[in-house]
Each structure stands twice: as structure tokens, then as C-alpha cells.
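Student: Have a look at this one before I ask anything.
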Amino acid sequence: MNPITHGCSPTIDRHPRQRVVRAKGRTLKHLLLATLYGVSLACSPAGSALAGELTPLLPPSSVTSSTVPANGDLNPYGVAFVPDGFSRFGTIAAGDLLVSNFNNAQNAQGTGTTIVKIVPNDKPVTFFQGAPGLGLSTALGVLKSGFVLVGSVPTTDGTFKTIKPGVLLVLNRTGGIVAQWTPATAKIDGPWDLTIFDKGDHAKVFVSNVLNGTVVRLDVSIDDNGIHLDRATRIASGYPFRGDPAALVVGPTGLAYNPQRDVLYVASTVDNAIFAVFGAGNSQHDGGKGVPIYADNAHLHGPIALTLGPNGHLFVANGDAINSDPNQPSEIVEFTPQGRFVAQLPIDPAPASAFGLAFEQARQEFVRFAAVDDNTNTVTVWKLPFENGGQ
């Protein structure tokens, strides 16, 4: 895998992947650039200062593992780390990495039925296998109270003409289904991705709907009797969506929530842009698409999965269904919430290979970052040196 690209010179751009960022931003306190990237930052003092102010987070790959379970499911989509504090005595534990599969063994889209627990450098272990034809999407998340949430966007023949609204499945710590939140109860319509603000006994779950171009917030509570969906509120809408011959469907996908600012970031694939929805955690109204914060045709190529990094930057996977560039296939792009490009990393030389990505909770000395390659049916996990694990 090629090293991540970043820029030093503010005026020379001989390489299309080398861009310059003239911006102030919060940086990691400890990141060994020269060791991780294998590059020399031979810049002027001013250029060195800029590089120090806005340091890319992504290093080269560490461990790549298979996502294909025993039943042969393909096309890994969702990625989630099991958080610290996760309930004990299950078949998954804190620190485990889960991946959901969208296709079956025949590679028909919208028919995958499995969530796997990744085993580094070995075959994964099946955590959940549902009924045929579920189509488990990028909407995968884990609550520390002991529940796993996953979206289903099913088809009967792998084509858009048979796509269905799907459900949001709630699984316990051993992979058993304890609830199914439906379009009627949860206002979902093609749950394509999600992000969770987890407070232990309650949580806010944000879900993007690829079949009607909306985002809903699910207010959830947990007690001794289980998990409860208390309220479903549509908080954003107006994102374009449509069927796609290669990607099956495109529409609003990745979500990342910053609780300190109460802002939800939305990756709108067809718009080729990232939007910010302010007041997302408490709003009782549909605020439309929100405010566009990043629209970069040089680096965005159909943004899909999205996550917020521990350095305060946003990380998005390009699906290449929109504004594709054969010279920049399957890129993960790092940028600031103010819309400034930082760096990018290719996942695969083939287009349309990047999808789900996730950060683990930052620890004292390192943080793990995972991203799938749905061309090779693998997931790569990077281990990043990280001091003072937080912003």
C-alpha cells in the first residue's frame, strides 16, 4: 500500500495527490511522521510550522485480515470496534472488531447475512448469521451496555428494482436478535449507515436513510428489562438518492457526531459533499440538509462512510460512484471540520473498494483505525502512536 500523501510547498503541485493545507488546527501531541510515513519533511521553516500545525493521522497499514465467514459472504461494509465497558460474558468483548457483510457468497448485493469478529491474520469468527437475504449495510454500531445495532437493506436478486426498506436489527452480546426496529417504529427507509452517542443507560443513534434521503435520530434507553426505542425524530432531509448500476444505490451515507458542538456531519454521496447539521442531538424538527462544510472535487469521489478522528479531523471513504478519478481510486480522505484538506490514503488500486471505517476509543499511547477493502474482502487495522488520547 502506498504511504499517505501530504504537502509541504504552498505553490508547487507537481503531483496530483500532494496538496497543501494552510490552516491552524488541533494536532496530535505525539506522532512519528518520519518513522510511519517513510518520508522526509524537507521544508522551509514556515512549511515545517504548517506541517506541525495540521499533521495527517493516517500511517501505512499494519495488519490486514479476511472478512469472509464460513458461509462465504462477501462485500464487507460496516466496521465497528466493541467499546470499553462492554458487558461481559458474551461472544464478543471490548476491543474486538466487527464487520458486516452486504453480499452473499454469490456476490449478490443486498443479500449478505453475517457479522464477523475479525481474527488478525486468520479467518474471522461469525458473531451473527441471520435469515437469507438481509443485506447488512454500513449501519453497524455497538453499545457498551451489551447490544449491537445493524441495518438491513435487502434485495431479492441483487438489483435496485427489488430493494426493500429494511429494518434495524438489535442483537445481544451473543448475537441473538432482541428487537427489530422497522420503518413504522423508527422512521427508517434503507438504513445505510449510523453513528452512536453512547451514555451507558441511554444513547442517541443517528441513522441515514438511502431510500428517502433523510437522517433520523433514535433516542434509546437501556435498563434491566433491555433496550427501548423511546423516540424517533427526523432531523435532516433533502439529500439526493437513486439507484446505481454498480453501487446498487447511492444517497446519504456516513455520519459522524460531535457531542461537544452538538453537530452531526453527513456524507452526501450524490452531492459529493459533507454537510453539518447543527443541534442534531436535541432538535425536534427536520432541519433540511444542513450547512455544506466540504465540497472538494479534487479529493471527494462519492463520499460514503464517515468518522470523526481523535485529533478532531473527519475521515471519509470514497466510493467512486460519483466524480470518479482513475488516478485516485478508493481513497480515504482526512479533512478538518472547517473544510480543509489534510491528506489521503489509497485502500486499493481498484476503484469502489473503500467503504466502512472506524476509530477505536483512543488509549493513552495509541489508537486503532480500521477500514475495509470490499474488492479483496479484507479489513486493515492501523495502530497509531497517540499521546494524551483525546482532543
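Chain identifiers are assigned as A, B, and so on, following the order in which chains appear in the C-alpha cells; residues are numbered from 1 within each chain, and ligands are numbered from 1 in order of appearance.
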Would you kindly return, as a PyMOL selection string, each protein, DNA or RNA residue with an atom no farther than 9 Å from any atom of Asn107 in chain A, considering only C-alpha atoms and excluding same-chain residues fewer than 3 positions away?
Tutor: chain A and resi 73-75+102-104+111-112+158
Student: How about saving the chosen residues, N, CA, C and O atoms kept, as a tab-separated table (two decimals), in the first residue's frame?
Tutor:
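That gives us selection.tsv:
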```tsv
chain	number	residue	atom	x	y	z
A	73	ASP	N	-20.03	-15.20	2.68
A	73	ASP	CA	-20.50	-13.83	2.43
A	73	ASP	C	-19.35	-12.91	2.00
A	73	ASP	O	-18.22	-13.03	2.50
A	74	LEU	N	-19.69	-11.95	1.12
A	74	LEU	CA	-18.70	-11.04	0.55
A	74	LEU	C	-19.13	-9.59	0.75
A	74	LEU	O	-20.19	-9.31	1.29
A	75	ASN	N	-18.28	-8.68	0.27
A	75	ASN	CA	-18.57	-7.25	0.25
A	75	ASN	C	-18.73	-6.67	1.65
A	75	ASN	O	-19.81	-6.24	2.05
A	102	PHE	N	-22.47	-7.28	3.14
A	102	PHE	CA	-23.64	-6.87	2.37
A	102	PHE	C	-24.05	-7.88	1.31
A	102	PHE	O	-25.22	-7.94	0.92
A	103	ASN	N	-23.11	-8.67	0.80
A	103	ASN	CA	-23.38	-9.62	-0.28
A	103	ASN	C	-23.29	-11.06	0.22
A	103	ASN	O	-22.56	-11.35	1.18
A	104	ASN	N	-23.98	-11.96	-0.50
A	104	ASN	CA	-23.85	-13.37	-0.17
A	104	ASN	C	-22.66	-13.98	-0.93
A	104	ASN	O	-21.90	-13.28	-1.60
A	111	THR	N	-27.84	-9.10	0.00
A	111	THR	CA	-28.24	-10.46	0.42
A	111	THR	C	-27.33	-11.04	1.51
A	111	THR	O	-27.56	-12.15	1.97
A	112	GLY	N	-26.30	-10.32	1.93
A	112	GLY	CA	-25.41	-10.81	2.98
A	112	GLY	C	-26.11	-10.88	4.32
A	112	GLY	O	-26.98	-10.06	4.64
A	158	GLY	N	-30.31	-8.97	-5.94
A	158	GLY	CA	-29.08	-8.20	-6.06
A	158	GLY	C	-29.20	-6.94	-6.89
A	158	GLY	O	-28.18	-6.30	-7.19
```
Student: Looking only at the backbone, which of the residues in range 109-269 of chain A does DSSP tag as alpha helix (DSSP H), as an MDAnalysis selection string?
Tutor: chainID A and resid 183:186
Student: Of the candidates A:Ile177, A:Val205, A:Ile293, A:Val249, which shows the shortest atom-to-atom distance to Gln109 in chain A, using only C-alpha atoms?
Tutor: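 Under the stated criterion, the closest residue is A:Val249.
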Student: I'd like the contact shell of range 234-247 of chain A - 6 Å cut-off, only C-alpha atoms, skipping same-chain residues fewer than 5 positions apart - returned as a PyMOL selection string.
Tutor: chain A and resi 160+213-216+285-289
Student: Could you pull out the strand (DSSP E) residues of range 267-311 of chain A, going by DSSP on the backbone, and write them as a PyMOL selection string?
Tutor: chain A and resi 267-268+273-278+291-294+303-308
Student: Write out as a Markdown table the residues of range 56-159 of chain A that have any atom within 7 Å of an atom of range 376-381 of chain A, one row each with the nearest atom pair and its distance in Å to one decimal, counting only C-alpha atoms, sorted by chain and then rising number.
Tutor:
```
| residue | atom | partner | partner_atom | distance |
| --- | --- | --- | --- | --- |
| A:Ser61 | CA | A:Thr380 | CA | 6.6 |
| A:Ser62 | CA | A:Val381 | CA | 5.9 |
| A:Val63 | CA | A:Val381 | CA | 5.4 |
| A:Thr64 | CA | A:Thr380 | CA | 4.2 |
| A:Ser65 | CA | A:Thr378 | CA | 5.4 |
| A:Ser66 | CA | A:Thr378 | CA | 4.4 |
| A:Thr67 | CA | A:Thr378 | CA | 5.1 |
| A:Val68 | CA | A:Asn377 | CA | 6.5 |
| A:Leu74 | CA | A:Asn377 | CA | 6.3 |
| A:Asn75 | CA | A:Asn377 | CA | 6.0 |
| A:Pro76 | CA | A:Asn377 | CA | 6.2 |
```
Student: Select, from A:Asn311, A:Gly130, A:Gly251, A:Leu149, the residue with the minimum atom-to-atom distance to Asp189 in chain A, counting only C-alpha atoms.
Tutor: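 Comparing A:Asn311, A:Gly130, A:Gly251, A:Leu149 against Asp189 in chain A, the winner is A:Gly251.
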